[in-house]
Amino acid sequence: MKQQFKRRPIALFCGALFAFGLYTSAFAQSSQSTVIVTGSRFEENLNEVPANVNVITREEIENSSSNTIPQVLSQIGGLRVTGLNSSALNLDASVDMGGFGPTGNSTTVVLVDGIRINPIDSGSVDWESIPIDSIERIEILQGGASVQYGNGAVGGVINIITNGGKKNINQVSASYGTWGTSINNAIFKNTVEKTTYQISANTSNTNGWRPNTAANAYSVDAKISQDLGGGDRAFIDGYYGYTNSQIASPVVGLVGSGNPLSVRPQNAGNNLTTNNSGFRQGLTKTIDENFVAEIDTSYNNKTSFYYTPQADYFLDLGSTQAMNSKLQGWQLAASPRLKANFADIGTTILGYDFSKANQAGSNGYSPQSQAYILANQYDAINNPYGYYYNNLLSDSQNATQINNSLYLIQRVPLGKIFEASGGFRRQVQQASTTNTSISAANGTVSNTQQYAANAGDVALNANYLPGQRIYAKWNQSFRFPNIDEYWGFAYDANGVGTTVFNGILQPQTTQTYEVGGNWSVLNSKITSSIFKSMTQNEISYNPTTGYNYNSIYQTNRGGILLDITSNITPSLNIGAGGKYQKSYYADGPYAGNSIPIVPDTLLNARANYLITPSWSIGGVVNYVSNQHYDTGPNNYSAAPVMPSYVVGDIFTSYKFQTVEARITVKNVGNTQYSTYGGVSSFSGNHFYYPSEPRSVFATLKYSFN
């Protein structure tokens, strides 16, 4: 969020995988019994879903080196995770599943128990409000899913499930590591007859490895789930999260240059505090043997406060900066849906999604800045070079979004092997915004707009043998602009930043062709897909101009995904995967230029080895290829690129009865790297945010069961 709201080889590869599955005589049956909900928003077998879906289990999370949800998604899920405020807590982590670079965070939908938690601005998901011990599994759907989930489900969907299982879990854990980092988790989950009570909590603190990167986070989640019998169930979930984090300054220069331990004077003491609370509830009701109804509702309230103690640093140069900025917003959503089974005709899902959200912001200035603002008011006769207006001493913004959408999904069996499916969604968004700025000549700017977007998909799924299936799919997905994308931030000839109104942008649309499948062979599971997508009206931000805009040029993305997990022996489990893709402008003056902040290649390898029934070791390695710095499309093609990097973690764990001790070394090779870098729109200098060097953690876990 800006400061205001603030072909042939592939064919041979697929053919080889198909043949490998077709002629294997022994099959693993795990995918036959894996039940997910992300594919259609109702429970179904993984092999029935015509999409690339991976499931991260609770056991995999516990037997990993991950301390946070973003680390789980990167190290086990193999996803592209970036962040600016590089601390051990990953508070501002963003996930880009579709190769959209700077806007990747806005093209990935994140759900908790099927309920959306994405903010309506370009900010990150509040990962810290989800205690990691509360997670039963994480379902990751790669590719467009706007028919099921509407706005933003362009690159993929992450569904964090906390409802699963009736197993009693009562445990606490404490970790302490480098830079005074402490991470403490607790979960108490018990089922009494048909009622499951669960409370989970987390406290995390770190001094930060760089100056101005200290942070702390606290969260609690309380849930009651009721088994109503006959497959009927209900739950209610309340949560609260608090974070307080310093905001690191970038290092000027190319990645690897400069001093990462330095702090720019104007950034010293910058701080962000966030309070996030809300509830989620859901109900599943079987009407009869052919009809199932579900409804979920949610409410969220969030307040963020930015404090910039050095706001007057550039006052002598004629630039004012807000010292106190506050954002306060809420979201309300309701989603009823009905699933009907018509036997030979197949299944039909009909649903309606409603949401309303509002966010208000204000910027306050120091007494010195206020005096400067009043002394430099524009007057055509007496002060024609003044650039402040209307004697305003603060800025304010407000935006509201109302979404209404209907969707339909139909699946039709075509014999015992094939199933055809298709779906359609139409979403209408009413958006309104106002902005009052100290530097706006016309005072308050207001705008109201209504846009609609359509999503659709057609797929053919073939379960040709137990544990073996392939699918082919076409889909169209979309995303509407975030509220802060209505506004930009441009610099004038004197280097003074000014809020500029871009207008409420049109939704972007993406069409994707995809072929993929799942194969369970011996003790291995293979998931792979090949995809090609084309995007029109892409919502983009140009750091060179400071404006957000709908691109008039088409952007294309294409590549291959692969993930393999294998139980080599009862004691050794390994996994490997990766993604190779090209993201580029397809036409116009930048045709062939890569999209910035999108590496072509992501590789992931992981292993766990049980030395004895009590003692295990494991590790994970991620490779990220080079990528272009974030800058205007007319500049980055000839500019230097951010270097590739390899980062690995290792751990060893020992269990004695109800106690487990673990030692983890993160970034064991002490790699110097960065996940985000750009070019200043004012100075033209390159900058980057360095990521953490090597760190060591000791963890002690105690189970009461």
# chains A, B, ... in the order shown; residues from 1 in each chain; ligands from 1
$ closest_atom_pairs --of "region 474-547 of chain A" --to "region 424-447 of chain A" --cutoff "10 Å" --atoms "only C-alpha atoms" --output "JSON lines"
{"residue": "A:Asn475", "atom": "CA", "partner": "A:Phe424", "partner_atom": "CA", "distance": 9.5}
{"residue": "A:Gln476", "atom": "CA", "partner": "A:Phe424", "partner_atom": "CA", "distance": 9.2}
{"residue": "A:Ser477", "atom": "CA", "partner": "A:Arg425", "partner_atom": "CA", "distance": 9.4}
{"residue": "A:Phe478", "atom": "CA", "partner": "A:Gln427", "partner_atom": "CA", "distance": 9.6}
{"residue": "A:Phe480", "atom": "CA", "partner": "A:Gln429", "partner_atom": "CA", "distance": 8.1}
{"residue": "A:Pro481", "atom": "CA", "partner": "A:Ala431", "partner_atom": "CA", "distance": 9.7}
{"residue": "A:Ile483", "atom": "CA", "partner": "A:Thr433", "partner_atom": "CA", "distance": 8.0}
{"residue": "A:Asp484", "atom": "CA", "partner": "A:Thr433", "partner_atom": "CA", "distance": 9.8}
{"residue": "A:Tyr486", "atom": "CA", "partner": "A:Thr433", "partner_atom": "CA", "distance": 8.1}
{"residue": "A:Trp487", "atom": "CA", "partner": "A:Asn435", "partner_atom": "CA", "distance": 9.1}
{"residue": "A:Gly497", "atom": "CA", "partner": "A:Ser439", "partner_atom": "CA", "distance": 9.2}
{"residue": "A:Thr498", "atom": "CA", "partner": "A:Ser439", "partner_atom": "CA", "distance": 6.5}
{"residue": "A:Thr499", "atom": "CA", "partner": "A:Ser437", "partner_atom": "CA", "distance": 7.3}
{"residue": "A:Val500", "atom": "CA", "partner": "A:Ala440", "partner_atom": "CA", "distance": 8.5}
{"residue": "A:Phe501", "atom": "CA", "partner": "A:Val445", "partner_atom": "CA", "distance": 8.0}
{"residue": "A:Gly503", "atom": "CA", "partner": "A:Asn447", "partner_atom": "CA", "distance": 7.4}
{"residue": "A:Ile504", "atom": "CA", "partner": "A:Asn447", "partner_atom": "CA", "distance": 7.5}
{"residue": "A:Pro507", "atom": "CA", "partner": "A:Gln429", "partner_atom": "CA", "distance": 9.7}
$ write_last_selection --atoms "all heavy atoms" --output "tab-separated table (two decimals), in the first residue's frame"
chain	number	residue	atom	x	y	z
A	475	ASN	N	-10.06	-21.18	-17.79
A	475	ASN	CA	-10.82	-20.34	-16.87
A	475	ASN	C	-10.52	-18.87	-17.10
A	475	ASN	O	-9.46	-18.51	-17.62
A	475	ASN	CB	-10.56	-20.73	-15.41
A	475	ASN	CG	-9.26	-20.16	-14.88
A	475	ASN	OD1	-9.17	-19.00	-14.50
A	475	ASN	ND2	-8.21	-21.00	-14.84
A	476	GLN	N	-11.47	-18.05	-16.73
A	476	GLN	CA	-11.29	-16.60	-16.71
A	476	GLN	C	-11.48	-16.13	-15.28
A	476	GLN	O	-12.45	-16.48	-14.61
A	476	GLN	CB	-12.27	-15.88	-17.62
A	476	GLN	CG	-12.18	-14.35	-17.53
A	476	GLN	CD	-12.94	-13.63	-18.61
A	476	GLN	OE1	-12.58	-13.72	-19.78
A	476	GLN	NE2	-13.98	-12.90	-18.24
A	477	SER	N	-10.53	-15.33	-14.80
A	477	SER	CA	-10.59	-14.80	-13.44
A	477	SER	C	-10.41	-13.28	-13.50
A	477	SER	O	-10.08	-12.72	-14.55
A	477	SER	CB	-9.50	-15.44	-12.57
A	477	SER	OG	-8.23	-15.33	-13.19
A	478	PHE	N	-10.62	-12.62	-12.37
A	478	PHE	CA	-10.57	-11.15	-12.38
A	478	PHE	C	-10.16	-10.63	-11.02
A	478	PHE	O	-10.22	-11.34	-10.00
A	478	PHE	CB	-11.94	-10.57	-12.77
A	478	PHE	CG	-13.07	-10.96	-11.85
A	478	PHE	CD1	-13.29	-10.27	-10.66
A	478	PHE	CD2	-13.92	-12.02	-12.17
A	478	PHE	CE1	-14.33	-10.62	-9.81
A	478	PHE	CE2	-14.96	-12.38	-11.32
A	478	PHE	CZ	-15.16	-11.69	-10.14
A	480	PHE	N	-10.65	-6.65	-8.91
A	480	PHE	CA	-10.96	-5.24	-8.86
A	480	PHE	C	-9.80	-4.50	-8.19
A	480	PHE	O	-9.02	-5.09	-7.45
A	480	PHE	CB	-12.25	-5.01	-8.07
A	480	PHE	CG	-13.50	-5.46	-8.76
A	480	PHE	CD1	-13.99	-6.74	-8.58
A	480	PHE	CD2	-14.19	-4.60	-9.59
A	480	PHE	CE1	-15.15	-7.16	-9.20
A	480	PHE	CE2	-15.35	-5.01	-10.23
A	480	PHE	CZ	-15.83	-6.29	-10.04
A	481	PRO	N	-9.69	-3.18	-8.41
A	481	PRO	CA	-8.60	-2.44	-7.75
A	481	PRO	C	-8.80	-2.37	-6.25
A	481	PRO	O	-9.93	-2.34	-5.74
A	481	PRO	CB	-8.69	-1.05	-8.39
A	481	PRO	CG	-10.12	-0.92	-8.84
A	481	PRO	CD	-10.51	-2.30	-9.27
A	483	ILE	N	-8.47	-0.24	-2.68
A	483	ILE	CA	-8.86	1.14	-2.47
A	483	ILE	C	-7.68	2.11	-2.58
A	483	ILE	O	-7.85	3.25	-3.02
A	483	ILE	CB	-9.57	1.33	-1.12
A	483	ILE	CG1	-8.67	0.88	0.03
A	483	ILE	CG2	-10.88	0.57	-1.09
A	483	ILE	CD1	-9.24	1.23	1.40
A	484	ASP	N	-6.48	1.69	-2.19
A	484	ASP	CA	-5.35	2.60	-2.31
A	484	ASP	C	-4.86	2.73	-3.74
A	484	ASP	O	-4.07	3.63	-4.04
A	484	ASP	CB	-4.21	2.17	-1.38
A	484	ASP	CG	-3.83	0.73	-1.55
A	484	ASP	OD1	-4.69	-0.09	-1.92
A	484	ASP	OD2	-2.66	0.38	-1.33
A	486	TYR	N	-6.81	3.63	-6.06
A	486	TYR	CA	-7.51	4.78	-6.62
A	486	TYR	C	-6.62	6.01	-6.64
A	486	TYR	O	-6.87	6.96	-7.36
A	486	TYR	CB	-8.77	5.11	-5.80
A	486	TYR	CG	-9.74	3.99	-5.57
A	486	TYR	CD1	-10.64	4.05	-4.51
A	486	TYR	CD2	-9.78	2.87	-6.40
A	486	TYR	CE1	-11.56	3.03	-4.28
A	486	TYR	CE2	-10.69	1.84	-6.16
A	486	TYR	CZ	-11.57	1.93	-5.10
A	486	TYR	OH	-12.47	0.92	-4.88
A	487	TRP	N	-5.58	5.97	-5.80
A	487	TRP	CA	-4.72	7.14	-5.60
A	487	TRP	C	-3.26	6.77	-5.87
A	487	TRP	O	-2.84	5.65	-5.67
A	487	TRP	CB	-4.85	7.66	-4.17
A	487	TRP	CG	-6.27	7.94	-3.80
A	487	TRP	CD1	-7.17	7.08	-3.24
A	487	TRP	CD2	-6.98	9.15	-4.02
A	487	TRP	NE1	-8.38	7.68	-3.09
A	487	TRP	CE2	-8.31	8.95	-3.55
A	487	TRP	CE3	-6.63	10.39	-4.56
A	487	TRP	CZ2	-9.27	9.95	-3.62
A	487	TRP	CZ3	-7.59	11.38	-4.61
A	487	TRP	CH2	-8.89	11.16	-4.15
A	497	GLY	N	6.32	15.41	-2.87
A	497	GLY	CA	5.31	14.41	-3.18
A	497	GLY	C	3.90	14.96	-3.07
A	497	GLY	O	3.59	15.73	-2.17
A	498	THR	N	3.05	14.58	-4.00
A	498	THR	CA	1.67	15.06	-4.04
A	498	THR	C	0.74	13.88	-4.31
A	498	THR	O	1.02	13.05	-5.17
A	498	THR	CB	1.48	16.11	-5.16
A	498	THR	OG1	2.41	17.17	-4.97
A	498	THR	CG2	0.06	16.66	-5.13
A	499	THR	N	-0.37	13.85	-3.57
A	499	THR	CA	-1.38	12.83	-3.82
A	499	THR	C	-2.09	13.12	-5.13
A	499	THR	O	-2.52	14.25	-5.37
A	499	THR	CB	-2.41	12.81	-2.68
A	499	THR	OG1	-1.73	12.54	-1.45
A	499	THR	CG2	-3.47	11.76	-2.92
A	500	VAL	N	-2.23	12.11	-5.97
A	500	VAL	CA	-2.91	12.27	-7.25
A	500	VAL	C	-4.00	11.22	-7.37
A	500	VAL	O	-3.84	10.08	-6.92
A	500	VAL	CB	-1.93	12.14	-8.44
A	500	VAL	CG1	-0.97	13.31	-8.46
A	500	VAL	CG2	-1.15	10.84	-8.38
A	501	PHE	N	-5.13	11.61	-7.93
A	501	PHE	CA	-6.27	10.72	-8.08
A	501	PHE	C	-6.23	10.08	-9.46
A	501	PHE	O	-6.27	10.76	-10.48
A	501	PHE	CB	-7.57	11.50	-7.89
A	501	PHE	CG	-8.80	10.65	-8.01
A	501	PHE	CD1	-9.00	9.56	-7.19
A	501	PHE	CD2	-9.76	10.95	-8.96
A	501	PHE	CE1	-10.13	8.78	-7.30
A	501	PHE	CE2	-10.91	10.17	-9.08
A	501	PHE	CZ	-11.09	9.09	-8.24
A	503	GLY	N	-8.51	7.86	-10.44
A	503	GLY	CA	-9.84	7.36	-10.77
A	503	GLY	C	-9.98	5.94	-10.26
A	503	GLY	O	-8.99	5.26	-9.93
A	504	ILE	N	-11.22	5.49	-10.13
A	504	ILE	CA	-11.48	4.11	-9.74
A	504	ILE	C	-11.29	3.24	-10.97
A	504	ILE	O	-12.06	3.31	-11.92
A	504	ILE	CB	-12.90	3.97	-9.16
A	504	ILE	CG1	-13.02	4.83	-7.89
A	504	ILE	CG2	-13.22	2.51	-8.86
A	504	ILE	CD1	-14.40	4.85	-7.29
A	507	PRO	N	-11.74	-3.36	-13.50
A	507	PRO	CA	-11.19	-4.66	-13.11
A	507	PRO	C	-10.33	-5.24	-14.23
A	507	PRO	O	-10.57	-4.99	-15.42
A	507	PRO	CB	-12.43	-5.52	-12.86
A	507	PRO	CG	-13.52	-4.86	-13.65
A	507	PRO	CD	-13.20	-3.39	-13.65
$ residues_around --residues "Asn52 (chain A)" --least-positions-apart "6" --cutoff "10 Å" --atoms "only C-alpha atoms" --output "PDB file with all heavy atoms, in the first residue's frame"
ATOM      1  N   GLY A  39     -11.674 -26.592  -3.662  1.00  0.00           N
ATOM      2  CA  GLY A  39     -12.020 -26.701  -5.072  1.00  0.00           C
ATOM      3  C   GLY A  39     -13.396 -26.193  -5.418  1.00  0.00           C
ATOM      4  O   GLY A  39     -13.597 -25.548  -6.454  1.00  0.00           O
ATOM      5  N   LEU A  46      -9.959 -35.053  -3.330  1.00  0.00           N
ATOM      6  CA  LEU A  46      -8.949 -34.295  -4.070  1.00  0.00           C
ATOM      7  C   LEU A  46      -8.948 -34.645  -5.551  1.00  0.00           C
ATOM      8  O   LEU A  46      -8.773 -33.782  -6.417  1.00  0.00           O
ATOM      9  CB  LEU A  46      -7.563 -34.558  -3.457  1.00  0.00           C
ATOM     10  CG  LEU A  46      -6.356 -33.947  -4.177  1.00  0.00           C
ATOM     11  CD1 LEU A  46      -6.453 -32.433  -4.198  1.00  0.00           C
ATOM     12  CD2 LEU A  46      -5.058 -34.380  -3.508  1.00  0.00           C
ATOM     13  N   ILE A 140      -3.557 -25.468  -0.912  1.00  0.00           N
ATOM     14  CA  ILE A 140      -3.014 -24.489  -1.857  1.00  0.00           C
ATOM     15  C   ILE A 140      -3.490 -24.843  -3.252  1.00  0.00           C
ATOM     16  O   ILE A 140      -3.129 -25.898  -3.795  1.00  0.00           O
ATOM     17  CB  ILE A 140      -1.475 -24.465  -1.806  1.00  0.00           C
ATOM     18  CG1 ILE A 140      -0.989 -24.104  -0.392  1.00  0.00           C
ATOM     19  CG2 ILE A 140      -0.924 -23.479  -2.829  1.00  0.00           C
ATOM     20  CD1 ILE A 140       0.510 -24.211  -0.222  1.00  0.00           C
ATOM     21  N   LEU A 141      -4.320 -23.995  -3.822  1.00  0.00           N
ATOM     22  CA  LEU A 141      -4.827 -24.180  -5.187  1.00  0.00           C
ATOM     23  C   LEU A 141      -4.110 -23.199  -6.098  1.00  0.00           C
ATOM     24  O   LEU A 141      -4.228 -21.980  -5.926  1.00  0.00           O
ATOM     25  CB  LEU A 141      -6.347 -23.965  -5.226  1.00  0.00           C
ATOM     26  CG  LEU A 141      -7.071 -24.268  -6.538  1.00  0.00           C
ATOM     27  CD1 LEU A 141      -8.539 -24.628  -6.262  1.00  0.00           C
ATOM     28  CD2 LEU A 141      -7.035 -23.079  -7.511  1.00  0.00           C
ATOM     29  N   GLN A 142      -3.361 -23.714  -7.043  1.00  0.00           N
ATOM     30  CA  GLN A 142      -2.629 -22.880  -7.991  1.00  0.00           C
ATOM     31  C   GLN A 142      -3.509 -22.574  -9.201  1.00  0.00           C
ATOM     32  O   GLN A 142      -4.135 -23.462  -9.760  1.00  0.00           O
ATOM     33  CB  GLN A 142      -1.364 -23.607  -8.461  1.00  0.00           C
ATOM     34  CG  GLN A 142      -0.383 -23.963  -7.366  1.00  0.00           C
ATOM     35  CD  GLN A 142       0.692 -22.910  -7.171  1.00  0.00           C
ATOM     36  OE1 GLN A 142       0.662 -21.843  -7.779  1.00  0.00           O
ATOM     37  NE2 GLN A 142       1.665 -23.216  -6.333  1.00  0.00           N
ATOM     38  N   GLY A 143      -3.539 -21.312  -9.613  1.00  0.00           N
ATOM     39  CA  GLY A 143      -4.286 -20.925 -10.806  1.00  0.00           C
ATOM     40  C   GLY A 143      -5.565 -20.192 -10.474  1.00  0.00           C
ATOM     41  O   GLY A 143      -5.961 -20.040  -9.313  1.00  0.00           O
ATOM     42  N   GLY A 156      -4.034 -17.699  -7.464  1.00  0.00           N
ATOM     43  CA  GLY A 156      -4.250 -18.901  -6.681  1.00  0.00           C
ATOM     44  C   GLY A 156      -4.985 -18.605  -5.388  1.00  0.00           C
ATOM     45  O   GLY A 156      -5.325 -17.455  -5.077  1.00  0.00           O
ATOM     46  N   TYR A 471      -6.266 -33.648 -15.932  1.00  0.00           N
ATOM     47  CA  TYR A 471      -7.346 -32.710 -16.219  1.00  0.00           C
ATOM     48  C   TYR A 471      -6.880 -31.686 -17.242  1.00  0.00           C
ATOM     49  O   TYR A 471      -5.671 -31.428 -17.402  1.00  0.00           O
ATOM     50  CB  TYR A 471      -7.819 -31.995 -14.951  1.00  0.00           C
ATOM     51  CG  TYR A 471      -6.790 -31.050 -14.358  1.00  0.00           C
ATOM     52  CD1 TYR A 471      -6.717 -29.709 -14.757  1.00  0.00           C
ATOM     53  CD2 TYR A 471      -5.885 -31.494 -13.394  1.00  0.00           C
ATOM     54  CE1 TYR A 471      -5.774 -28.858 -14.223  1.00  0.00           C
ATOM     55  CE2 TYR A 471      -4.945 -30.654 -12.850  1.00  0.00           C
ATOM     56  CZ  TYR A 471      -4.887 -29.322 -13.260  1.00  0.00           C
ATOM     57  OH  TYR A 471      -3.947 -28.487 -12.731  1.00  0.00           O
ATOM     58  N   GLU A 514      -4.864 -24.622 -18.916  1.00  0.00           N
ATOM     59  CA  GLU A 514      -4.083 -25.422 -17.976  1.00  0.00           C
ATOM     60  C   GLU A 514      -4.316 -26.907 -18.212  1.00  0.00           C
ATOM     61  O   GLU A 514      -5.447 -27.334 -18.457  1.00  0.00           O
ATOM     62  CB  GLU A 514      -4.490 -25.047 -16.547  1.00  0.00           C
ATOM     63  CG  GLU A 514      -3.735 -25.767 -15.447  1.00  0.00           C
ATOM     64  CD  GLU A 514      -4.218 -25.330 -14.073  1.00  0.00           C
ATOM     65  OE1 GLU A 514      -4.938 -24.313 -13.974  1.00  0.00           O
ATOM     66  OE2 GLU A 514      -3.893 -26.041 -13.101  1.00  0.00           O
ATOM     67  N   VAL A 515      -3.236 -27.675 -18.129  1.00  0.00           N
ATOM     68  CA  VAL A 515      -3.291 -29.130 -18.193  1.00  0.00           C
ATOM     69  C   VAL A 515      -2.447 -29.664 -17.042  1.00  0.00           C
ATOM     70  O   VAL A 515      -1.335 -29.184 -16.803  1.00  0.00           O
ATOM     71  CB  VAL A 515      -2.745 -29.677 -19.529  1.00  0.00           C
ATOM     72  CG1 VAL A 515      -2.751 -31.202 -19.523  1.00  0.00           C
ATOM     73  CG2 VAL A 515      -3.560 -29.155 -20.698  1.00  0.00           C
ATOM     74  N   GLY A 516      -2.984 -30.630 -16.297  1.00  0.00           N
ATOM     75  CA  GLY A 516      -2.215 -31.137 -15.175  1.00  0.00           C
ATOM     76  C   GLY A 516      -2.779 -32.430 -14.641  1.00  0.00           C
ATOM     77  O   GLY A 516      -3.641 -33.059 -15.258  1.00  0.00           O
ATOM     78  N   GLY A 517      -2.278 -32.836 -13.474  1.00  0.00           N
ATOM     79  CA  GLY A 517      -2.757 -34.076 -12.886  1.00  0.00           C
ATOM     80  C   GLY A 517      -2.075 -34.406 -11.580  1.00  0.00           C
ATOM     81  O   GLY A 517      -1.118 -33.743 -11.163  1.00  0.00           O
ATOM     82  N   ASN A 518      -2.583 -35.455 -10.937  1.00  0.00           N
ATOM     83  CA  ASN A 518      -2.004 -36.044  -9.724  1.00  0.00           C
ATOM     84  C   ASN A 518      -1.715 -37.507 -10.005  1.00  0.00           C
ATOM     85  O   ASN A 518      -2.528 -38.191 -10.641  1.00  0.00           O
ATOM     86  CB  ASN A 518      -2.960 -35.968  -8.534  1.00  0.00           C
ATOM     87  CG  ASN A 518      -3.276 -34.551  -8.115  1.00  0.00           C
ATOM     88  OD1 ASN A 518      -2.646 -33.605  -8.558  1.00  0.00           O
ATOM     89  ND2 ASN A 518      -4.261 -34.413  -7.249  1.00  0.00           N
ATOM     90  N   THR A 527       2.398 -34.091  -8.310  1.00  0.00           N
ATOM     91  CA  THR A 527       1.431 -33.105  -8.774  1.00  0.00           C
ATOM     92  C   THR A 527       2.125 -32.202  -9.778  1.00  0.00           C
ATOM     93  O   THR A 527       3.225 -31.702  -9.511  1.00  0.00           O
ATOM     94  CB  THR A 527       0.891 -32.255  -7.612  1.00  0.00           C
ATOM     95  OG1 THR A 527       0.310 -33.100  -6.630  1.00  0.00           O
ATOM     96  CG2 THR A 527      -0.158 -31.272  -8.102  1.00  0.00           C
ATOM     97  N   SER A 528       1.486 -31.997 -10.933  1.00  0.00           N
ATOM     98  CA  SER A 528       2.119 -31.168 -11.954  1.00  0.00           C
ATOM     99  C   SER A 528       1.057 -30.505 -12.814  1.00  0.00           C
ATOM    100  O   SER A 528      -0.064 -31.012 -12.947  1.00  0.00           O
ATOM    101  CB  SER A 528       3.046 -32.012 -12.839  1.00  0.00           C
ATOM    102  OG  SER A 528       3.711 -31.185 -13.777  1.00  0.00           O
ATOM    103  N   SER A 529       1.403 -29.366 -13.376  1.00  0.00           N
ATOM    104  CA  SER A 529       0.519 -28.685 -14.324  1.00  0.00           C
ATOM    105  C   SER A 529       1.328 -27.778 -15.229  1.00  0.00           C
ATOM    106  O   SER A 529       2.415 -27.315 -14.870  1.00  0.00           O
ATOM    107  CB  SER A 529      -0.559 -27.878 -13.590  1.00  0.00           C
ATOM    108  OG  SER A 529       0.015 -26.875 -12.782  1.00  0.00           O
ATOM    109  N   ILE A 530       0.781 -27.547 -16.401  1.00  0.00           N
ATOM    110  CA  ILE A 530       1.344 -26.615 -17.375  1.00  0.00           C
ATOM    111  C   ILE A 530       0.280 -25.558 -17.637  1.00  0.00           C
ATOM    112  O   ILE A 530      -0.904 -25.883 -17.787  1.00  0.00           O
ATOM    113  CB  ILE A 530       1.708 -27.328 -18.683  1.00  0.00           C
ATOM    114  CG1 ILE A 530       2.706 -28.448 -18.417  1.00  0.00           C
ATOM    115  CG2 ILE A 530       2.278 -26.357 -19.696  1.00  0.00           C
ATOM    116  CD1 ILE A 530       2.890 -29.382 -19.584  1.00  0.00           C
ATOM    117  N   LEU A 561       4.506 -26.280 -13.306  1.00  0.00           N
ATOM    118  CA  LEU A 561       4.601 -26.534 -11.869  1.00  0.00           C
ATOM    119  C   LEU A 561       4.809 -28.021 -11.639  1.00  0.00           C
ATOM    120  O   LEU A 561       4.211 -28.848 -12.330  1.00  0.00           O
ATOM    121  CB  LEU A 561       3.321 -26.102 -11.163  1.00  0.00           C
ATOM    122  CG  LEU A 561       3.097 -24.615 -10.919  1.00  0.00           C
ATOM    123  CD1 LEU A 561       1.609 -24.336 -10.746  1.00  0.00           C
ATOM    124  CD2 LEU A 561       3.847 -24.170  -9.677  1.00  0.00           C
ATOM    125  N   LEU A 562       5.634 -28.353 -10.650  1.00  0.00           N
ATOM    126  CA  LEU A 562       5.877 -29.763 -10.343  1.00  0.00           C
ATOM    127  C   LEU A 562       6.181 -29.899  -8.861  1.00  0.00           C
ATOM    128  O   LEU A 562       6.951 -29.120  -8.295  1.00  0.00           O
ATOM    129  CB  LEU A 562       7.059 -30.299 -11.152  1.00  0.00           C
ATOM    130  CG  LEU A 562       7.509 -31.737 -10.836  1.00  0.00           C
ATOM    131  CD1 LEU A 562       6.417 -32.724 -11.213  1.00  0.00           C
ATOM    132  CD2 LEU A 562       8.807 -32.062 -11.566  1.00  0.00           C
TER     133      LEU A 562
END
$ atom_distance --atom1 "CA of Leu700 (chain A)" --atom2 "CA of Gly619 (chain A)"
18.4 Å
$ residues_around --residues "Gly278 (chain A)" --least-positions-apart "3" --cutoff "7 Å" --atoms "only C-alpha atoms" --output "MDAnalysis selection string"
chainID A and resid 238:240 299:301
$ closest_residue --among "A:Glu193, A:Glu44, A:Glu660, A:Glu692" --to "Ser175 (chain A)" --atoms "only C-alpha atoms"
A:Glu660
$ residues_around --residues "His686 (chain A)" --least-positions-apart "4" --cutoff "6 Å" --atoms "only C-alpha atoms" --output "list in words"
Gly253, Leu254, Gly678 and Val679 of chain A
$ residues_around --residues "region 214-227 of chain A" --least-positions-apart "3" --cutoff "8 Å" --atoms "only C-alpha atoms" --output "VMD selection string"
chain A and resid 87 89 128 to 131 134 163 194 to 209 211 231 to 246
$ atom_distance --atom1 "CA of Gly677 (chain A)" --atom2 "CA of Lys326 (chain A)"
26.3 Å
$ residues_around --residues "Met534 (chain A)" --least-positions-apart "3" --cutoff "9 Å" --atoms "only C-alpha atoms" --output "ChimeraX atom specification"
/A:509-512,554-558,586
$ closest_atom_pairs --of "region 335-387 of chain A" --to "region 397-414 of chain A" --cutoff "8 Å" --atoms "only C-alpha atoms" --output "tab-separated table"
residue	atom	partner	partner_atom	distance
A:Asp344	CA	A:Pro413	CA	6.9
A:Ile345	CA	A:Val412	CA	5.7
A:Gly346	CA	A:Val412	CA	4.4
A:Thr347	CA	A:Arg411	CA	5.3
A:Thr348	CA	A:Gln410	CA	4.6
A:Ile349	CA	A:Ile409	CA	5.0
A:Leu350	CA	A:Leu408	CA	4.7
A:Gly351	CA	A:Tyr407	CA	5.3
A:Tyr352	CA	A:Leu406	CA	4.6
A:Asp353	CA	A:Ser405	CA	5.3
A:Phe354	CA	A:Asn404	CA	4.9
A:Ser355	CA	A:Asn403	CA	5.2
A:Lys356	CA	A:Ile402	CA	4.5
A:Ala357	CA	A:Gln401	CA	5.4
A:Asn358	CA	A:Thr400	CA	4.4
A:Gln359	CA	A:Ala399	CA	5.5
A:Ala360	CA	A:Asn398	CA	4.3
A:Gly361	CA	A:Gln397	CA	5.0
A:Ser362	CA	A:Gln397	CA	6.3
$ select_by_dssp --residues "region 274-504 of chain A" --states "strand (DSSP E)" --output "JSON, numbers by chain"
{"A": [274, 275, 276, 277, 278, 279, 280, 281, 282, 283, 284, 285, 286, 287, 288, 291, 292, 293, 294, 295, 296, 297, 298, 299, 300, 301, 302, 303, 304, 305, 306, 307, 324, 325, 326, 327, 328, 329, 330, 331, 332, 333, 334, 335, 336, 337, 338, 339, 340, 341, 347, 348, 349, 350, 351, 352, 353, 354, 355, 356, 357, 358, 359, 360, 361, 362, 363, 364, 394, 395, 396, 397, 398, 399, 400, 401, 402, 403, 404, 405, 406, 407, 408, 409, 410, 411, 412, 413, 414, 418, 419, 420, 421, 422, 423, 424, 425, 426, 427, 428, 429, 430, 431, 432, 433, 434, 435, 436, 444, 445, 446, 447, 448, 449, 450, 451, 452, 453, 454, 455, 456, 457, 458, 459, 460, 461, 462, 463, 464, 465, 468, 469, 470, 471, 472, 473, 474, 475, 476, 477, 478, 479, 487, 488, 489, 490, 491, 497, 498, 499, 500, 501]}
